[in-house]
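So this block is protein_36.cif, mmCIF, C-alpha atoms:
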```
data_model
loop_
_atom_site.group_PDB
_atom_site.id
_atom_site.type_symbol
_atom_site.label_atom_id
_atom_site.label_comp_id
_atom_site.auth_asym_id
_atom_site.auth_seq_id
_atom_site.Cartn_x
_atom_site.Cartn_y
_atom_site.Cartn_z
ATOM 1 C CA MET Z 1 -29.867 -14.178 17.274
ATOM 2 C CA THR Z 2 -29.196 -17.879 17.055
ATOM 3 C CA GLY Z 3 -27.940 -17.617 13.492
ATOM 4 C CA VAL Z 4 -28.936 -16.617 10.006
ATOM 5 C CA LEU Z 5 -31.395 -18.212 7.596
ATOM 6 C CA LEU Z 6 -30.521 -17.607 3.956
ATOM 7 C CA ASP Z 7 -33.209 -16.775 1.428
ATOM 8 C CA THR Z 8 -33.028 -19.041 -1.613
ATOM 9 C CA HIS Z 9 -31.355 -16.487 -3.870
ATOM 10 C CA VAL Z 10 -28.963 -15.457 -1.122
ATOM 11 C CA ALA Z 11 -27.910 -19.071 -0.578
ATOM 12 C CA LEU Z 12 -27.070 -19.307 -4.272
ATOM 13 C CA GLN Z 13 -25.072 -16.077 -3.996
ATOM 14 C CA VAL Z 14 -23.187 -17.342 -0.949
ATOM 15 C CA LEU Z 15 -22.367 -20.678 -2.559
ATOM 16 C CA GLY Z 16 -21.361 -18.987 -5.815
ATOM 17 C CA ASP Z 17 -19.342 -16.253 -4.067
ATOM 18 C CA ASP Z 18 -21.450 -13.713 -5.959
ATOM 19 C CA PRO Z 19 -20.051 -10.159 -5.716
ATOM 20 C CA ARG Z 20 -23.607 -8.776 -5.384
ATOM 21 C CA LEU Z 21 -23.668 -10.129 -1.829
ATOM 22 C CA GLY Z 22 -22.989 -7.118 0.387
ATOM 23 C CA THR Z 23 -20.114 -6.656 2.799
ATOM 24 C CA ARG Z 24 -22.401 -6.455 5.844
ATOM 25 C CA ALA Z 25 -24.218 -9.595 4.688
ATOM 26 C CA ARG Z 26 -20.912 -11.451 4.379
ATOM 27 C CA GLU Z 27 -19.897 -10.311 7.866
ATOM 28 C CA CYS Z 28 -23.254 -11.420 9.264
ATOM 29 C CA ILE Z 29 -22.755 -14.872 7.753
ATOM 30 C CA LEU Z 30 -19.173 -15.156 9.009
ATOM 31 C CA ASP Z 31 -20.204 -14.105 12.531
ATOM 32 C CA ALA Z 32 -23.310 -16.313 12.729
ATOM 33 C CA PRO Z 33 -23.227 -19.302 15.083
ATOM 34 C CA ARG Z 34 -25.551 -21.129 12.660
ATOM 35 C CA ILE Z 35 -25.986 -20.641 8.930
ATOM 36 C CA MET Z 36 -29.152 -22.279 7.652
ATOM 37 C CA LEU Z 37 -30.716 -23.205 4.330
ATOM 38 C CA SER Z 38 -34.342 -24.224 4.613
ATOM 39 C CA VAL Z 39 -35.775 -27.352 3.086
ATOM 40 C CA ALA Z 40 -38.360 -24.893 1.687
ATOM 41 C CA SER Z 41 -35.591 -23.392 -0.469
ATOM 42 C CA VAL Z 42 -34.517 -26.827 -1.656
ATOM 43 C CA TRP Z 43 -38.160 -27.591 -2.435
ATOM 44 C CA GLU Z 44 -38.509 -24.301 -4.344
ATOM 45 C CA LEU Z 45 -35.417 -25.110 -6.436
ATOM 46 C CA ALA Z 46 -36.662 -28.653 -7.079
ATOM 47 C CA ILE Z 47 -39.967 -27.274 -8.390
ATOM 48 C CA LYS Z 48 -38.095 -24.815 -10.635
ATOM 49 C CA HIS Z 49 -35.948 -27.691 -11.873
ATOM 50 C CA ALA Z 50 -39.043 -29.781 -12.637
ATOM 51 C CA VAL Z 51 -40.416 -27.023 -14.884
ATOM 52 C CA GLY Z 52 -37.070 -26.369 -16.577
ATOM 53 C CA LYS Z 53 -36.197 -23.057 -14.876
ATOM 54 C CA PHE Z 54 -33.266 -24.260 -12.749
ATOM 55 C CA PRO Z 55 -30.624 -26.965 -13.033
ATOM 56 C CA ASP Z 56 -30.602 -29.998 -10.743
ATOM 57 C CA PRO Z 57 -30.585 -28.648 -7.151
ATOM 58 C CA ARG Z 58 -28.707 -31.622 -5.704
ATOM 59 C CA PRO Z 59 -25.312 -29.900 -6.156
ATOM 60 C CA VAL Z 60 -26.648 -26.912 -4.193
ATOM 61 C CA VAL Z 61 -27.460 -29.159 -1.243
ATOM 62 C CA THR Z 62 -24.076 -30.878 -1.514
ATOM 63 C CA ALA Z 63 -22.270 -27.528 -1.632
ATOM 64 C CA ALA Z 64 -24.278 -26.201 1.328
ATOM 65 C CA ARG Z 65 -23.375 -29.219 3.430
ATOM 66 C CA ALA Z 66 -19.719 -28.936 2.404
ATOM 67 C CA ALA Z 67 -19.786 -25.278 3.504
ATOM 68 C CA ALA Z 68 -21.204 -26.287 6.919
ATOM 69 C CA ILE Z 69 -24.579 -24.727 6.121
ATOM 70 C CA GLU Z 70 -27.261 -26.486 8.137
ATOM 71 C CA ILE Z 71 -30.226 -27.819 6.160
ATOM 72 C CA LEU Z 72 -33.187 -26.653 8.257
ATOM 73 C CA PRO Z 73 -36.196 -28.992 8.197
ATOM 74 C CA ILE Z 74 -39.761 -27.712 8.146
ATOM 75 C CA THR Z 75 -41.511 -28.457 11.428
ATOM 76 C CA ALA Z 76 -45.100 -28.255 12.564
ATOM 77 C CA ASP Z 77 -44.133 -25.241 14.707
ATOM 78 C CA HIS Z 78 -42.840 -23.474 11.581
ATOM 79 C CA ALA Z 79 -46.025 -24.226 9.657
ATOM 80 C CA LEU Z 80 -48.341 -23.123 12.460
ATOM 81 C CA ALA Z 81 -46.462 -19.871 13.072
ATOM 82 C CA ILE Z 82 -47.323 -18.584 9.576
ATOM 83 C CA ASP Z 83 -50.730 -17.510 10.862
ATOM 84 C CA GLY Z 84 -50.782 -13.754 11.248
ATOM 85 C CA LEU Z 85 -47.615 -13.045 9.267
ATOM 86 C CA ASP Z 86 -48.109 -9.781 7.394
ATOM 87 C CA LEU Z 87 -46.158 -9.759 4.123
ATOM 88 C CA PRO Z 88 -46.896 -7.612 1.067
ATOM 89 C CA HIS Z 89 -47.140 -10.708 -1.155
ATOM 90 C CA ARG Z 90 -48.414 -14.219 -0.659
ATOM 91 C CA ASP Z 91 -45.510 -16.328 -1.951
ATOM 92 C CA PRO Z 92 -45.797 -19.454 0.228
ATOM 93 C CA PHE Z 93 -42.039 -20.099 0.214
ATOM 94 C CA ASP Z 94 -41.234 -16.567 1.358
ATOM 95 C CA ARG Z 95 -43.875 -16.748 4.049
ATOM 96 C CA LEU Z 96 -42.470 -20.026 5.341
ATOM 97 C CA LEU Z 97 -38.861 -18.803 5.257
ATOM 98 C CA VAL Z 98 -39.644 -15.644 7.229
ATOM 99 C CA THR Z 99 -41.625 -17.691 9.728
ATOM 100 C CA GLN Z 100 -38.861 -20.268 10.107
ATOM 101 C CA ALA Z 101 -36.368 -17.531 10.875
ATOM 102 C CA ARG Z 102 -38.689 -16.108 13.523
ATOM 103 C CA VAL Z 103 -39.321 -19.478 15.167
ATOM 104 C CA GLU Z 104 -35.598 -20.302 15.141
ATOM 105 C CA GLY Z 105 -34.690 -16.878 16.562
ATOM 106 C CA ALA Z 106 -32.519 -16.250 13.510
ATOM 107 C CA ALA Z 107 -32.009 -13.305 11.208
ATOM 108 C CA PHE Z 108 -33.422 -13.722 7.702
ATOM 109 C CA LEU Z 109 -30.997 -12.606 5.010
ATOM 110 C CA THR Z 110 -32.761 -11.654 1.766
ATOM 111 C CA ASN Z 111 -32.569 -9.363 -1.233
ATOM 112 C CA ASP Z 112 -36.340 -9.521 -1.812
ATOM 113 C CA ALA Z 113 -37.541 -5.914 -1.966
ATOM 114 C CA ALA Z 114 -41.089 -6.808 -0.918
ATOM 115 C CA ILE Z 115 -39.930 -8.576 2.232
ATOM 116 C CA LEU Z 116 -37.421 -5.832 3.033
ATOM 117 C CA SER Z 117 -40.108 -3.161 2.622
ATOM 118 C CA ALA Z 118 -42.365 -4.896 5.162
ATOM 119 C CA GLY Z 119 -40.211 -3.584 8.014
ATOM 120 C CA LEU Z 120 -40.043 -6.918 9.801
ATOM 121 C CA ALA Z 121 -37.658 -7.321 12.712
ATOM 122 C CA ALA Z 122 -34.558 -9.443 12.085
ATOM 123 C CA VAL Z 123 -34.829 -9.234 8.293
ATOM 124 C CA LEU Z 124 -31.491 -8.139 6.831
ATOM 125 C CA ASP Z 125 -30.696 -6.781 3.376
ATOM 126 C CA ALA Z 126 -28.254 -9.102 1.602
ATOM 127 C CA ARG Z 127 -27.242 -6.301 -0.781
ATOM 128 C CA GLN Z 128 -25.601 -4.322 2.015
#
```
Just dump the structure as structure tokens.
Amino acid sequence: MTGVLLDTHVALQVLGDDPRLGTRARECILDAPRIMLSVASVWELAIKHAVGKFPDPRPVVTAARAAAIEILPITADHALAIDGLDLPHRDPFDRLLVTQARVEGAAFLTNDAAILSAGLAAVLDARQ
């Protein structure tokens, strides 16, 4: 694995030092050569902010950069690789995040039960 891509909620847990983040997940992050936060997650938080469901996401981006978390851009290769991805739900952000992790050769760290139940390779449970 080239690193770990954090799901949106997991990134918030990491940055907030949330105790719900599992021991194995913390070890995975500490051992990863790259820790990534997707622009898709920033976009998701910005949309939630626009509708009043999340505070301004700019401090999240600032904190991620300060913690040496790489902000992963969305590329054409990421977008095109979504084709054929079999997930139990159709959330476009989740689909893009899983695909980005695959294209980057990274593990995807999530606590999303639907994604975890899909049995995808290189998807890790952030609760463990």
Which value, in Å to one decimal, gives the distance between CA of Thr110 in chain Z and CA of Ala40 in chain Z?
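Spanning CA of Thr110 in chain Z to CA of Ala40 in chain Z is a straight-line distance of 14.4 Å.
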Might you spell out which residues the PyMOL selection byres ((chain Z and resi 43-54) around 12) would select in the displayed file, as a list in words?
Asp7, Thr8, His9, Ala11, Leu12, Leu37, Ser38, Val39, Ala40, Ser41, Val42, Pro55, Asp56, Pro57, Arg58, Pro59, Val60, Val61, Ile71, Leu72, Pro73, Ile74, Asp91, Pro92, Phe93, Asp94, Leu96 and Leu97 of chain Z
I'd like the interatomic distance between CA of Ile35 in chain Z and CA of Ile69 in chain Z, to a tenth of an Å.
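Answer for the CA of Ile35 in chain Z to CA of Ile69 in chain Z separation: 5.2 Å.
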Using all atoms listed in the file, which of the listed residues (Z:Asp77, Z:Asp18, Z:Glu70, Z:Asp83) sits closest to Val103 in chain Z?
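When distances to Val103 in chain Z are compared using all atoms listed in the file, the smallest one comes from Z:Asp77.
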Rounded to one decimal in Å, what is the spacing between CA of His78 in chain Z and CA of Ala106 in chain Z?
12.7 Å
Selection: 10 Å around Val123 in chain Z, all atoms listed in the file, excl. self and same-chain fewer than 6 positions, as a PyMOL selection string:
chain Z and resi 4-5+98+101-102+106-111+115-117
Which residues match the PyMOL selection byres ((chain Z and resi 87) around 8) in the file above, as a PDB file with C-alpha atoms, in the coordinates of the input?
```
ATOM      1  CA  LEU Z  85     -47.615 -13.045   9.267  1.00  0.00           C
ATOM      2  CA  ASP Z  86     -48.109  -9.781   7.394  1.00  0.00           C
ATOM      3  CA  PRO Z  88     -46.896  -7.612   1.067  1.00  0.00           C
ATOM      4  CA  HIS Z  89     -47.140 -10.708  -1.155  1.00  0.00           C
ATOM      5  CA  ARG Z  90     -48.414 -14.219  -0.659  1.00  0.00           C
ATOM      6  CA  ARG Z  95     -43.875 -16.748   4.049  1.00  0.00           C
ATOM      7  CA  ALA Z 114     -41.089  -6.808  -0.918  1.00  0.00           C
ATOM      8  CA  ILE Z 115     -39.930  -8.576   2.232  1.00  0.00           C
ATOM      9  CA  ALA Z 118     -42.365  -4.896   5.162  1.00  0.00           C
TER      10      ALA Z 118
END
```
Option closest in space to Ala122 in chain Z, from Z:Arg20, Z:Ala67, Z:Val14, Z:Thr99 [counting all atoms listed in the file]
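Answer, going by the shortest atom-to-atom distance: Z:Thr99.
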Provide an axis-aligned box for all listed atoms of range 16-35 of chain Z, padding each side by 8 Å; report its centre and its edge lengths in Å to one decimal, as lines of an AutoDock Vina configuration file.
```
center_x = -22.6
center_y = -13.8
center_z = 4.6
size_x = 22.8
size_y = 30.7
size_z = 37.0
```
Of Z:Gly22, Z:Gly3, Z:Gly16, Z:Gly84, the one nearest to Ala126 in chain Z when counting only C-alpha atoms is Z:Gly22
